[in-house]
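Below is query33.txt, which holds compact mmCIF, C-alpha atoms and all ligand atoms.
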```txt
# COMPACT_ATOMS: atom_id res chain seq x y z
CA MET A 12 -10.32 15.63 -1.75
CA ILE A 13 -11.01 11.89 -2.18
CA GLU A 14 -13.95 10.32 -0.35
CA VAL A 15 -14.83 6.66 -0.59
CA GLU A 16 -18.02 5.48 1.12
CA HIS A 17 -19.22 1.90 1.53
CA LEU A 18 -17.84 0.89 -1.83
CA SER A 19 -18.49 -2.71 -2.96
CA LYS A 20 -17.79 -4.55 -6.19
CA ILE A 21 -19.02 -8.02 -7.02
CA TYR A 22 -17.68 -9.76 -10.17
CA GLY A 23 -20.39 -12.33 -11.01
CA SER A 24 -20.73 -13.94 -7.62
CA THR A 25 -17.18 -13.05 -6.42
CA PRO A 26 -17.03 -10.11 -4.02
CA ALA A 27 -13.80 -8.22 -4.87
CA ILE A 28 -14.28 -5.40 -2.34
CA THR A 29 -16.84 -5.05 0.43
CA ASP A 30 -17.91 -1.86 2.20
CA VAL A 31 -14.63 -0.01 1.60
CA THR A 32 -14.61 3.42 3.27
CA PHE A 33 -11.71 5.89 3.57
CA SER A 34 -10.87 9.46 2.72
CA VAL A 35 -7.74 11.30 1.61
CA GLU A 36 -7.08 14.90 2.64
CA PRO A 37 -5.68 17.46 0.18
CA GLY A 38 -1.92 17.08 -0.29
CA GLU A 39 -1.76 13.71 1.45
CA ILE A 40 -0.26 10.45 0.12
CA LEU A 41 -2.39 7.47 1.13
CA GLY A 42 -0.93 4.01 0.64
CA LEU A 43 -3.39 1.24 -0.14
CA LEU A 44 -1.51 -1.75 1.20
CA GLY A 45 -2.59 -5.35 0.77
CA PRO A 46 -1.57 -8.79 -0.45
CA ASN A 47 -2.27 -9.99 -4.01
CA GLY A 48 -5.98 -10.18 -4.75
CA ALA A 49 -6.91 -7.92 -1.80
CA GLY A 50 -8.93 -5.56 -3.99
CA LYS A 51 -6.50 -2.67 -4.52
CA THR A 52 -6.77 -2.52 -8.33
CA THR A 53 -10.56 -2.85 -8.20
CA THR A 54 -10.80 0.09 -5.76
CA MET A 55 -8.50 2.25 -7.88
CA ARG A 56 -10.27 1.47 -11.16
CA ILE A 57 -13.58 2.50 -9.60
CA LEU A 58 -12.00 5.76 -8.37
CA ALA A 59 -10.53 6.42 -11.81
CA GLY A 60 -13.98 6.03 -13.39
CA TYR A 61 -13.01 2.88 -15.34
CA LEU A 62 -15.23 0.45 -13.48
CA PRO A 63 -18.70 0.91 -12.00
CA ALA A 64 -19.15 -0.03 -8.33
CA THR A 65 -21.88 -2.48 -7.36
CA ASN A 66 -22.72 -0.42 -4.27
CA GLY A 67 -21.55 2.69 -2.45
CA ASN A 68 -20.05 5.84 -3.89
CA ALA A 69 -16.83 7.76 -4.31
CA ARG A 70 -16.13 11.44 -4.91
CA ILE A 71 -13.03 13.17 -6.24
CA ALA A 72 -12.87 16.92 -5.60
CA GLY A 73 -16.61 16.77 -4.86
CA TYR A 74 -17.56 14.98 -8.12
CA ASP A 75 -19.18 11.56 -7.99
CA VAL A 76 -17.00 9.12 -9.96
CA HIS A 77 -20.01 7.43 -11.53
CA GLU A 78 -22.37 10.34 -12.15
CA ASN A 79 -19.71 12.87 -13.20
CA SER A 80 -17.09 10.56 -14.69
CA LEU A 81 -15.97 13.14 -17.28
CA ALA A 82 -15.36 15.83 -14.65
CA VAL A 83 -13.57 13.23 -12.52
CA ARG A 84 -11.29 12.10 -15.35
CA GLN A 85 -10.20 15.69 -15.91
CA ARG A 86 -9.34 16.02 -12.23
CA ILE A 87 -7.39 12.82 -11.73
CA GLY A 88 -4.26 11.28 -13.14
CA TYR A 89 -4.29 7.48 -13.25
CA LEU A 90 -1.35 5.13 -13.67
CA PRO A 91 -2.66 1.58 -14.12
CA GLU A 92 -0.46 -1.44 -13.29
CA THR A 93 0.63 -1.52 -16.95
CA PRO A 94 1.18 2.05 -18.18
CA PRO A 95 -0.96 2.80 -21.25
CA LEU A 96 1.89 3.91 -23.54
CA TYR A 97 2.09 4.09 -27.34
CA PRO A 98 5.50 2.52 -28.04
CA ASP A 99 5.98 4.13 -31.46
CA MET A 100 5.50 7.70 -30.25
CA THR A 101 8.22 9.90 -28.79
CA VAL A 102 7.89 10.83 -25.12
CA GLU A 103 6.99 14.38 -26.08
CA GLY A 104 4.55 13.37 -28.85
CA PHE A 105 2.79 10.95 -26.53
CA LEU A 106 2.43 13.52 -23.74
CA HIS A 107 1.01 16.06 -26.23
CA PHE A 108 -1.49 13.44 -27.33
CA VAL A 109 -2.53 12.66 -23.73
CA ALA A 110 -2.82 16.39 -22.91
CA GLN A 111 -5.15 16.75 -25.89
CA ILE A 112 -7.44 13.88 -24.90
CA LYS A 113 -7.48 15.15 -21.31
CA GLY A 114 -8.92 18.42 -22.64
CA VAL A 115 -5.89 20.72 -22.13
CA PRO A 116 -6.39 23.73 -24.48
CA ALA A 117 -3.96 23.66 -27.45
CA GLY A 118 -2.20 26.86 -26.34
CA ASP A 119 -1.44 25.42 -22.88
CA ARG A 120 -0.16 22.06 -24.08
CA PRO A 121 3.52 22.91 -24.73
CA ASN A 122 3.92 24.34 -21.22
CA LYS A 123 2.08 21.48 -19.54
CA VAL A 124 4.08 18.86 -21.46
CA THR A 125 7.38 20.57 -20.63
CA ALA A 126 6.41 20.83 -16.96
CA ALA A 127 5.54 17.10 -16.79
CA ILE A 128 8.79 16.18 -18.59
CA LYS A 129 10.79 18.30 -16.14
CA ARG A 130 8.99 16.98 -13.08
CA CYS A 131 9.63 13.37 -14.14
CA ASN A 132 13.28 14.01 -15.11
CA LEU A 133 12.70 13.09 -18.72
CA GLU A 134 14.46 16.07 -20.38
CA ASP A 135 17.13 13.80 -21.95
CA LYS A 136 14.49 11.48 -23.36
CA ARG A 137 11.86 13.88 -24.67
CA ARG A 138 12.52 13.01 -28.35
CA VAL A 139 13.20 9.29 -27.79
CA ILE A 140 10.73 6.68 -29.08
CA ILE A 141 9.03 5.08 -26.04
CA ARG A 142 9.80 1.54 -27.32
CA LYS A 143 13.54 2.26 -26.81
CA LEU A 144 13.20 3.29 -23.17
CA SER A 145 14.15 1.15 -20.17
CA LYS A 146 11.40 0.00 -17.80
CA GLY A 147 12.31 2.71 -15.29
CA TYR A 148 12.01 5.47 -17.87
CA ARG A 149 8.73 4.02 -19.17
CA GLN A 150 7.37 4.15 -15.66
CA ARG A 151 8.35 7.82 -15.48
CA VAL A 152 6.53 8.40 -18.77
CA GLY A 153 3.55 6.59 -17.20
CA ILE A 154 3.64 9.03 -14.28
CA ALA A 155 4.15 11.98 -16.66
CA GLN A 156 0.99 11.01 -18.60
CA ALA A 157 -0.88 10.86 -15.28
CA ILE A 158 0.15 14.40 -14.29
CA VAL A 159 0.36 16.18 -17.67
CA HIS A 160 -3.02 17.90 -17.26
CA ASP A 161 -2.01 18.94 -13.73
CA PRO A 162 -4.81 17.07 -11.94
CA PRO A 163 -5.37 17.71 -8.22
CA ALA A 164 -5.65 13.94 -7.53
CA ILE A 165 -3.32 11.15 -8.67
CA ILE A 166 -3.95 7.41 -8.47
CA LEU A 167 -0.95 5.12 -8.92
CA ASP A 168 -1.36 1.34 -9.09
CA GLU A 169 1.84 -0.41 -7.92
CA PRO A 170 4.06 2.35 -9.32
CA THR A 171 7.40 0.71 -8.46
CA VAL A 172 6.66 -2.86 -9.49
CA GLY A 173 9.37 -4.40 -11.71
CA LEU A 174 11.89 -1.58 -11.20
CA ASP A 175 15.46 -2.01 -10.01
CA PRO A 176 16.44 -0.59 -6.59
CA ARG A 177 17.83 2.66 -8.00
CA GLN A 178 14.76 3.24 -10.15
CA ILE A 179 12.52 2.46 -7.16
CA ILE A 180 14.21 5.22 -5.13
CA GLU A 181 13.85 7.68 -8.03
CA VAL A 182 10.17 6.92 -8.56
CA ARG A 183 9.46 7.12 -4.79
CA ASN A 184 11.21 10.51 -4.62
CA LEU A 185 9.21 11.68 -7.61
CA ILE A 186 5.95 10.64 -5.93
CA LYS A 187 6.95 12.35 -2.68
CA SER A 188 7.75 15.54 -4.61
CA LEU A 189 4.18 15.53 -5.96
CA ALA A 190 2.60 15.47 -2.46
CA GLY A 191 1.46 18.77 -1.04
CA THR A 192 0.41 20.14 -4.41
CA HIS A 193 -1.41 16.90 -5.31
CA THR A 194 -3.49 14.35 -3.41
CA ILE A 195 -2.19 10.86 -4.07
CA ILE A 196 -3.34 7.28 -3.58
CA LEU A 197 -0.82 4.59 -4.38
CA SER A 198 -1.27 0.86 -4.06
CA THR A 199 1.45 -1.53 -3.09
CA HIS A 200 2.04 -4.90 -1.52
CA ILE A 201 5.54 -3.79 -0.48
CA LEU A 202 5.66 -2.72 3.15
CA PRO A 203 8.70 -0.41 3.09
CA GLU A 204 7.03 1.51 0.28
CA VAL A 205 4.30 2.84 2.56
CA SER A 206 6.56 3.79 5.44
CA MET A 207 8.96 5.54 3.05
CA THR A 208 6.44 7.26 0.81
CA CYS A 209 3.04 7.61 2.46
CA SER A 210 1.69 9.86 5.18
CA ARG A 211 -1.16 7.44 5.86
CA VAL A 212 -1.94 3.83 5.08
CA ALA A 213 -5.16 1.88 4.58
CA ILE A 214 -4.54 -1.83 4.93
CA ILE A 215 -6.86 -3.83 2.70
CA ASN A 216 -7.33 -7.57 2.95
CA ARG A 217 -9.84 -9.82 1.19
CA GLY A 218 -11.71 -6.78 -0.05
CA LYS A 219 -12.04 -5.05 3.32
CA VAL A 220 -10.18 -2.15 4.90
CA VAL A 221 -8.86 -3.59 8.17
CA ALA A 222 -7.02 -0.49 9.45
CA THR A 223 -6.33 3.12 8.52
CA ASN A 224 -3.68 5.23 10.21
CA THR A 225 -0.21 6.72 9.90
CA PRO A 226 2.45 4.01 9.55
CA GLU A 227 3.89 5.03 12.96
CA ASN A 228 0.54 4.96 14.77
CA LEU A 229 -0.36 1.63 13.26
CA MET A 230 2.78 0.14 14.70
CA THR A 231 2.45 1.57 18.18
CA GLN A 232 -1.32 1.37 18.61
CA LEU A 233 -1.89 -2.08 17.22
CA THR A 234 1.12 -3.77 18.72
CA GLY A 235 2.03 -1.56 21.64
CA GLY A 236 5.27 -1.19 19.74
CA SER A 237 6.98 -4.10 21.40
CA GLY A 238 7.91 -7.70 20.95
CA TYR A 239 10.64 -10.23 21.60
CA GLU A 240 13.19 -12.22 19.68
CA LEU A 241 13.91 -15.70 21.01
CA GLU A 242 16.66 -18.25 20.49
CA ILE A 243 15.57 -21.66 21.69
CA GLU A 244 16.67 -25.27 21.50
CA GLY A 245 13.95 -27.37 19.90
CA GLU A 246 11.42 -27.44 17.08
CA ALA A 247 10.12 -24.05 15.90
CA ALA A 248 6.69 -25.46 15.00
CA LEU A 249 6.25 -27.00 18.46
CA ALA A 250 7.42 -23.85 20.20
CA LYS A 251 4.94 -21.79 18.18
CA GLN A 252 2.12 -24.13 19.21
CA VAL A 253 3.01 -23.77 22.87
CA LEU A 254 3.42 -19.99 22.72
CA GLN A 255 0.08 -19.45 20.97
CA ASN A 256 -1.65 -20.07 24.29
CA VAL A 257 0.33 -17.49 26.26
CA ALA A 258 -1.87 -14.54 27.25
CA GLY A 259 -0.83 -11.27 25.63
CA VAL A 260 0.86 -12.86 22.60
CA SER A 261 -0.60 -11.75 19.27
CA LEU A 262 1.85 -12.91 16.60
CA ILE A 263 4.60 -15.53 16.39
CA GLU A 264 6.80 -15.96 13.35
CA SER A 265 9.99 -17.84 12.54
CA ILE A 266 13.02 -15.70 11.74
CA PRO A 267 16.38 -16.81 10.29
CA THR A 268 18.34 -15.78 13.40
CA ALA A 269 18.16 -13.52 16.44
CA GLY A 270 20.45 -10.82 17.79
CA GLY A 271 22.68 -10.92 14.69
CA HIS A 272 24.17 -14.33 15.73
CA HIS A 273 25.08 -17.08 13.28
CA PRO A 274 22.16 -19.51 13.15
CA GLN A 275 23.02 -22.83 14.81
CA ALA A 276 21.77 -26.34 14.15
CA ASN A 277 18.95 -27.55 16.45
CA ARG A 278 18.12 -23.98 17.38
CA ALA A 279 14.91 -22.18 16.47
CA TYR A 280 14.61 -18.43 16.19
CA LEU A 281 11.26 -16.77 16.77
CA ARG A 282 9.82 -13.29 16.84
CA VAL A 283 6.89 -12.82 19.20
CA ILE A 284 4.77 -9.67 19.09
CA SER A 285 2.69 -8.72 22.12
CA GLN A 286 -0.83 -7.35 22.22
CA PRO A 287 -1.11 -3.60 22.93
CA GLY A 288 0.00 -2.76 26.47
CA LYS A 289 0.81 -6.39 27.36
CA GLU A 290 4.20 -7.67 28.55
CA PRO A 291 4.11 -11.43 28.19
CA GLY A 292 7.93 -11.91 28.42
CA LYS A 293 7.83 -13.59 31.86
CA ASP A 294 5.07 -16.02 30.78
CA ILE A 295 6.85 -16.78 27.51
CA VAL A 296 9.96 -17.86 29.44
CA ALA A 297 7.98 -19.90 32.00
CA THR A 298 5.90 -21.63 29.29
CA LEU A 299 8.93 -22.56 27.17
CA VAL A 300 10.87 -23.91 30.14
CA ARG A 301 7.84 -25.86 31.39
CA ALA A 302 7.44 -27.41 27.93
CA GLY A 303 11.08 -28.57 27.95
CA PHE A 304 12.63 -26.05 25.54
CA GLY A 305 16.10 -24.71 26.27
CA LEU A 306 16.02 -20.91 26.19
CA HIS A 307 19.28 -19.31 25.06
CA GLU A 308 18.12 -15.76 24.59
CA LEU A 309 15.10 -13.50 24.88
CA ARG A 310 15.48 -9.87 23.90
CA ARG A 311 13.02 -7.04 23.48
CA VAL A 312 12.55 -5.62 19.98
CA ASN A 313 10.31 -2.98 18.46
CA ALA A 314 7.48 -4.15 16.27
CA THR A 315 7.76 -3.29 12.58
CA LEU A 316 5.14 -2.41 10.01
CA GLU A 317 5.63 -5.93 8.69
CA ASP A 318 4.44 -7.33 12.02
CA VAL A 319 1.34 -5.15 11.89
CA PHE A 320 0.64 -6.19 8.33
CA LEU A 321 0.95 -9.90 9.17
CA GLN A 322 -1.24 -9.43 12.22
CA LEU A 323 -3.95 -7.67 10.25
CA THR A 324 -3.90 -9.93 7.24
CA THR A 325 -3.59 -13.28 9.00
CA GLU A 326 -5.79 -13.00 12.08
CA GLU A 327 -9.31 -13.11 10.80
CA LYS A 328 -10.73 -13.20 14.31
CA ASN A 329 -9.40 -9.72 15.02
CA PHE A 330 -10.89 -7.99 12.00
CA GLU A 331 -13.94 -6.61 13.78
CA THR A 332 -11.87 -5.02 16.54
CA GLU A 333 -9.45 -3.57 14.05
CA VAL A 334 -12.14 -1.99 11.96
CA ASP A 335 -13.37 -0.25 15.13
CA LEU A 336 -9.83 0.77 15.96
CA ALA A 337 -9.37 2.07 12.42
CA ALA A 338 -12.52 4.17 12.79
CA ASP A 339 -11.36 5.52 16.16
CA ASN A 340 -7.94 6.39 14.85
CA GLU A 341 -9.12 8.01 11.65
CA GLY A 342 -10.04 11.23 13.47
CA GLU A 343 -6.63 11.47 15.11
CA ALA A 344 -4.73 10.90 11.90
CA ALA A 345 -6.72 13.38 9.82
N1 LIG A 401 -12.47 -9.01 -14.05
C1 LIG A 401 -12.58 -9.82 -12.99
N2 LIG A 401 -13.45 -10.83 -12.98
C2 LIG A 401 -13.57 -11.63 -11.88
N3 LIG A 401 -12.88 -11.49 -10.73
C3 LIG A 401 -11.98 -10.49 -10.70
C4 LIG A 401 -11.78 -9.58 -11.81
N4 LIG A 401 -10.83 -8.68 -11.47
C5 LIG A 401 -10.45 -8.99 -10.20
N5 LIG A 401 -11.14 -10.08 -9.74
C6 LIG A 401 -11.03 -10.68 -8.39
O1 LIG A 401 -11.28 -9.66 -7.43
C7 LIG A 401 -10.39 -9.77 -6.32
C8 LIG A 401 -9.61 -8.47 -6.14
O2 LIG A 401 -8.73 -8.29 -7.25
P1 LIG A 401 -7.81 -7.00 -7.45
O3 LIG A 401 -7.13 -7.14 -8.76
O4 LIG A 401 -8.61 -5.80 -7.20
O5 LIG A 401 -6.76 -7.19 -6.27
P2 LIG A 401 -5.35 -6.49 -6.03
O6 LIG A 401 -5.27 -6.19 -4.58
O7 LIG A 401 -5.15 -5.37 -6.97
O8 LIG A 401 -4.34 -7.67 -6.37
P3 LIG A 401 -2.91 -7.64 -7.16
O9 LIG A 401 -1.94 -7.03 -6.21
O10 LIG A 401 -2.65 -9.11 -7.36
O11 LIG A 401 -3.11 -6.87 -8.43
C9 LIG A 401 -9.52 -10.99 -6.60
O12 LIG A 401 -10.10 -12.08 -5.93
C10 LIG A 401 -9.61 -11.15 -8.09
O13 LIG A 401 -9.45 -12.50 -8.46
```

Could you rewrite the structure in this file as structure tokens?
Amino acid sequence: MIEVEHLSKIYGSTPAITDVTFSVEPGEILGLLGPNGAGKTTTMRILAGYLPATNGNARIAGYDVHENSLAVRQRIGYLPETPPLYPDMTVEGFLHFVAQIKGVPAGDRPNKVTAAIKRCNLEDKRRVIIRKLSKGYRQRVGIAQAIVHDPPAIILDEPTVGLDPRQIIEVRNLIKSLAGTHTIILSTHILPEVSMTCSRVAIINRGKVVATNTPENLMTQLTGGSGYELEIEGEAALAKQVLQNVAGVSLIESIPTAGGHHPQANRAYLRVISQPGKEPGKDIVATLVRAGFGLHELRRVNATLEDVFLQLTTEEKNFETEVDLAADNEGEAA
């Protein structure tokens, strides 16, 4: 349904995205996950037909986003980071207006507007002026304007940003309810968002896709699914330095405490993630003891999506391998 091939965008001399390739199957929700400035918005604006790519191409439902931008706009719903709302219109009036500019025939508009209002739980607010709505409701109106013409593909840029926890849950549930009948790409820099909402994730960093897979496969295949939490006596920074040289260790981070204990003075708490298939526990213990650290506890833990994300977005040296891995895994996930 959505195919992105070797897409690049250069602003002046700044490359925003480089050689971005991924595809989204019908009915799937793909999460575009990356830190600030990674290139998520740029990718989505190109897909929505609002920005020309410097190189590469993208197709939505078979239509090239550049060559057939009109056909593409009719087939996608786009929610930019700031929803394009007219504050002085009522919810209903605004959705009628959007349906009209999206080319919905006049006779179909009342039904389409009512369906979008229902889907986004806006029945109570249909005659309210948008300016008077809370941020959560405005976001729902933003989603309603994206789906009012019933497009097969929906592109949502950071759809839960700025919402309170209850609103976040509501918007996530709304997005999930759209899957199956719609193909969705959403961008986020929030890790739990992808594991809760998306069937697949493309991790983007510094303009490049560094991995594509299901959230579960990313965790198990890139980290072997295992790691350790440590409680040691000594300096965390020094311990990290020492552990970096242990074979099979791929990520070390400080954590506030381990094993649910109260953190104690002069203790350092670390989380160490192993490379796939490696079990460096024995060497971690030997290295720490040899370096004069007191080891109070070492326990096995499962890696989280956060670990994978940190690994992929902080270890530049591994990017090449991970792109290969992403390509290998793509077939399995599809
Ligand atoms: N109009 C522009 N002119 C010049 N550089 C730009 C422009 N828009 C974006 N960039 C640069 O392109 C890169 C990617 O930006 P983009 O907004 O796509 O990232 P993002 O992943 O959406 O980040 P965020 O989560 O902060 O919105 C950044 O380095 C950004 O500074």

(request) Residues within 10 Å of ligand LIG 401 (chain A) should be enumerated using all atoms listed in the file and returned as a ChimeraX atom specification. (result) /A:20-28,43-57,62,92,168-169,198-201,215-218

(request) Mind giving me the straight-line distance from CA of Leu197 (chain A) to CA of Leu174 (chain A) in Å, one decimal? (result)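 So the two atoms, CA of Leu197 (chain A) and CA of Leu174 (chain A), lie 15.7 Å apart.
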
(request) Name the closest residue to Ile141 (chain A) among the candidates A:Gly118, A:Gly104, A:Pro98, A:Gly191; distances are taken between atoms, counting all atoms listed in the file. (result)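 Ranking A:Gly118, A:Gly104, A:Pro98, A:Gly191 by distance to Ile141 (chain A), first place goes to A:Pro98.
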
(request) Give me the residues within 10 Å of Ile128 (chain A) as a list in words, counting all atoms listed in the file and dropping any in the same chain fewer than 6 places off. (result)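 The contact residues come out as Val102, Glu103, Leu106, Asn122, Glu134, Asp135, Lys136, Arg137, Arg151, Val152, Ile154, Ala155, Gln156, Ile158 and Val159 of chain A.
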
(message) Restricting the calculation to all atoms listed in the file: of A:Ile40, A:Ala276, A:Ala59, A:Ile266, which residue gets closest to Ser206 (chain A)?
(response)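 Looking at the shortest contact to Ser206 (chain A), the residue is A:Ile40.
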
(request) Figure out the distance between CA of Ala110 (chain A) and CA of Ile13 (chain A), please, to one decimal in Å. (result)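 Separating CA of Ile13 (chain A) from CA of Ala110 (chain A) is a distance of 22.7 Å.
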
(request) Between A:Ile263, A:Leu96, A:Leu189, A:Ala164, single out the one closest to Arg149 (chain A), counting only C-alpha atoms. (result) A:Leu96

(request) Name the closest residue to Arg84 (chain A) among the candidates A:Pro37, A:Val124, A:Val31, A:Pro162; distances are taken between atoms, counting only C-alpha atoms. (result) A:Pro162

(message) Report, in Å with one decimal, the straight-line distance from CA of Ala302 (chain A) to CA of Gln286 (chain A).
(response) 22.4 Å

(request) Find the residue from A:Lys123, A:Val182, A:Asn224, A:Pro91 that sits nearest to Ile166 (chain A); use all atoms listed in the file when measuring. (result)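 Using all atoms listed in the file, the shortest distance to Ile166 (chain A) belongs to A:Pro91.
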
(message) Counting all atoms listed in the file, which residue out of A:Asp318, A:Gly292, A:Ile186, A:Leu309 sits closest to Ile165 (chain A)?
(response)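 Answer, going by the shortest atom-to-atom distance: A:Ile186.
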
Find the smallest box with edges along x, y and z containing every listed atom of region 34-49 of chain A, then add 5 Å on each side and report centre and edge lengths in Å to one decimal, as AutoDock Vina command-line options.
```
--center_x -5.6 --center_y 3.6 --center_z -1.0 --size_x 20.6 --size_y 37.6 --size_z 17.5
```

Just the residues within 6 Å of Glu242 (chain A), please, counting all atoms listed in the file, with nothing from its chain fewer than 3 positions along; format it as a CSV table (one decimal) with C-alpha atoms, keeping the file's coordinate frame.
```csv
chain,number,residue,atom,x,y,z
A,279,ALA,CA,14.9,-22.2,16.5
A,280,TYR,CA,14.6,-18.4,16.2
A,307,HIS,CA,19.3,-19.3,25.1
A,308,GLU,CA,18.1,-15.8,24.6
```
